[in-house]
Amino acid sequence: MLAFSLTTIGFVMDTIAISARISGRVQGVAFRVWTRSEAKRRGLCGWVRNEPDGAVLAFIMGPAVDVDEMVRALKKGPLAARVTEVLWENAEVDPEITKFRITG
């Protein structure tokens with residue numbers, strides 16, 4: 001797990017990053033919009049996009065506890081989605097990413 005310390009308002013938190021691939025009925029059900037909303041609510045940075053094969057790919061970065069919580073949320077998804085699998089792996093933290101966005 002790659003991590004670095006980010007000092008915010010006088011305290012230090014460990015920041016990690018993951019790449020997650022979400023499969024199932026995850027396109028055409030507002031999954032990307034929901035993912036961005038859930039990530040922002042948790043104070044996470046990164047991006048989410050549709051893949052040509054029908055999956056959704058996300059890069060998620062933030063405090064480890066919040067990233068873990070986001071992975072659990074991805075396994076459920078929004079109400080209209082039917083998530084069958086979430087595969088994730090550690091990724092390199094990118095300090096240039098400062099917000100969460102939909103990229104495609």
# chains A, B, ... in the order shown; residues from 1 in each chain; ligands from 1
$ residues_around --residues "segment 74-91 of chain A" --least-positions-apart "2" --cutoff "9 Å" --atoms "only C-alpha atoms" --output "tab-separated table (two decimals) with N, CA and C atoms, in the first residue's frame"
chain	number	residue	atom	x	y	z
A	1	MET	N	0.85	-1.17	0.00
A	1	MET	CA	0.00	0.00	0.00
A	1	MET	C	0.90	1.24	0.00
A	2	LEU	N	0.76	2.09	-1.00
A	2	LEU	CA	1.55	3.30	-1.09
A	2	LEU	C	0.87	4.38	-0.26
A	16	ILE	N	-3.79	7.08	0.77
A	16	ILE	CA	-3.53	5.95	-0.10
A	16	ILE	C	-4.29	6.16	-1.40
A	17	ALA	N	-3.97	5.35	-2.39
A	17	ALA	CA	-4.69	5.40	-3.67
A	17	ALA	C	-4.94	3.98	-4.14
A	18	ILE	N	-6.08	3.81	-4.80
A	18	ILE	CA	-6.42	2.51	-5.39
A	18	ILE	C	-6.99	2.72	-6.79
A	19	SER	N	-6.90	1.69	-7.59
A	19	SER	CA	-7.59	1.62	-8.85
A	19	SER	C	-8.63	0.52	-8.70
A	20	ALA	N	-9.88	0.83	-9.02
A	20	ALA	CA	-10.96	-0.14	-8.85
A	20	ALA	C	-11.71	-0.33	-10.16
A	21	ARG	N	-12.03	-1.58	-10.46
A	21	ARG	CA	-12.82	-1.93	-11.64
A	21	ARG	C	-14.12	-2.56	-11.15
A	22	ILE	N	-15.23	-1.92	-11.53
A	22	ILE	CA	-16.54	-2.34	-11.06
A	22	ILE	C	-17.30	-2.94	-12.24
A	23	SER	N	-17.78	-4.17	-12.08
A	23	SER	CA	-18.50	-4.88	-13.14
A	23	SER	C	-19.93	-5.14	-12.73
A	24	GLY	N	-20.76	-5.42	-13.73
A	24	GLY	CA	-22.17	-5.69	-13.53
A	24	GLY	C	-22.99	-4.72	-14.35
A	25	ARG	N	-24.20	-4.44	-13.89
A	25	ARG	CA	-25.00	-3.41	-14.56
A	25	ARG	C	-24.63	-2.08	-13.92
A	26	VAL	N	-23.57	-1.46	-14.46
A	26	VAL	CA	-23.01	-0.24	-13.87
A	26	VAL	C	-22.93	0.92	-14.85
A	27	GLN	N	-23.36	0.71	-16.07
A	27	GLN	CA	-23.45	1.81	-17.03
A	27	GLN	C	-24.91	2.06	-17.35
A	28	GLY	N	-25.24	3.33	-17.55
A	28	GLY	CA	-26.63	3.69	-17.83
A	28	GLY	C	-27.51	3.74	-16.60
A	29	VAL	N	-26.89	3.72	-15.42
A	29	VAL	CA	-27.65	3.74	-14.15
A	29	VAL	C	-27.13	4.83	-13.21
A	30	ALA	N	-26.44	5.84	-13.78
A	30	ALA	CA	-25.89	6.97	-13.02
A	30	ALA	C	-24.80	6.56	-12.04
A	31	PHE	N	-24.10	5.46	-12.35
A	31	PHE	CA	-23.06	4.97	-11.44
A	31	PHE	C	-21.93	5.98	-11.28
A	34	TRP	N	-23.10	8.92	-9.13
A	34	TRP	CA	-23.21	8.44	-7.75
A	34	TRP	C	-21.81	8.29	-7.13
A	35	THR	N	-20.87	7.73	-7.88
A	35	THR	CA	-19.51	7.53	-7.38
A	35	THR	C	-18.87	8.87	-7.03
A	59	PHE	N	-10.27	5.67	-9.99
A	59	PHE	CA	-9.04	5.92	-9.25
A	59	PHE	C	-9.47	6.72	-8.04
A	60	ILE	N	-9.19	6.20	-6.85
A	60	ILE	CA	-9.69	6.81	-5.61
A	60	ILE	C	-8.51	7.02	-4.67
A	61	MET	N	-8.44	8.23	-4.11
A	61	MET	CA	-7.30	8.59	-3.27
A	61	MET	C	-7.79	9.39	-2.06
A	69	GLU	N	-13.95	2.61	3.12
A	69	GLU	CA	-15.40	2.81	3.18
A	69	GLU	C	-15.97	2.98	1.76
A	70	MET	N	-15.24	3.67	0.90
A	70	MET	CA	-15.69	3.87	-0.47
A	70	MET	C	-15.73	2.55	-1.24
A	71	VAL	N	-14.75	1.69	-1.02
A	71	VAL	CA	-14.75	0.37	-1.67
A	71	VAL	C	-16.00	-0.41	-1.25
A	72	ARG	N	-16.33	-0.36	0.03
A	72	ARG	CA	-17.55	-1.03	0.50
A	72	ARG	C	-18.78	-0.46	-0.18
A	93	VAL	N	-0.05	7.22	-5.26
A	93	VAL	CA	-0.69	8.48	-4.90
A	93	VAL	C	-0.23	9.56	-5.89
A	94	ASP	N	-1.16	10.37	-6.36
A	94	ASP	CA	-0.86	11.46	-7.28
A	94	ASP	C	-1.25	12.78	-6.63
$ select_by_dssp --residues "chain A" --states "helix (DSSP H, G or I)" --output "list in words"
Phe31, Arg32, Val33, Trp34, Thr35, Arg36, Ser37, Glu38, Ala39, Lys40, Arg41, Ala64, Val65, Asp66, Val67, Asp68, Glu69, Met70, Val71, Arg72, Ala73, Leu74, Lys75 and Lys76 of chain A
$ atom_distance --atom1 "atom CA of Lys40 of chain A" --atom2 "atom CA of Glu96 of chain A"
16.6 Å
$ closest_residue --among "A:Glu92, A:Arg32, A:Ser37, A:Ala73" --to "Ala55 of chain A" --atoms "only C-alpha atoms"
A:Arg32
$ residues_around --residues "Ala64 of chain A" --least-positions-apart "3" --cutoff "8 Å" --atoms "only C-alpha atoms" --output "mmCIF file with C-alpha atoms, in the first residue's frame"
data_model
loop_
_atom_site.group_PDB
_atom_site.id
_atom_site.type_symbol
_atom_site.label_atom_id
_atom_site.label_comp_id
_atom_site.auth_asym_id
_atom_site.auth_seq_id
_atom_site.Cartn_x
_atom_site.Cartn_y
_atom_site.Cartn_z
ATOM 1 C CA ASP A 14 -2.133 8.681 5.712
ATOM 2 C CA THR A 15 -3.223 8.998 2.118
ATOM 3 C CA ILE A 16 -3.532 5.947 -0.103
ATOM 4 C CA VAL A 67 -10.974 4.745 0.799
ATOM 5 C CA ASP A 68 -11.905 1.458 2.503
#
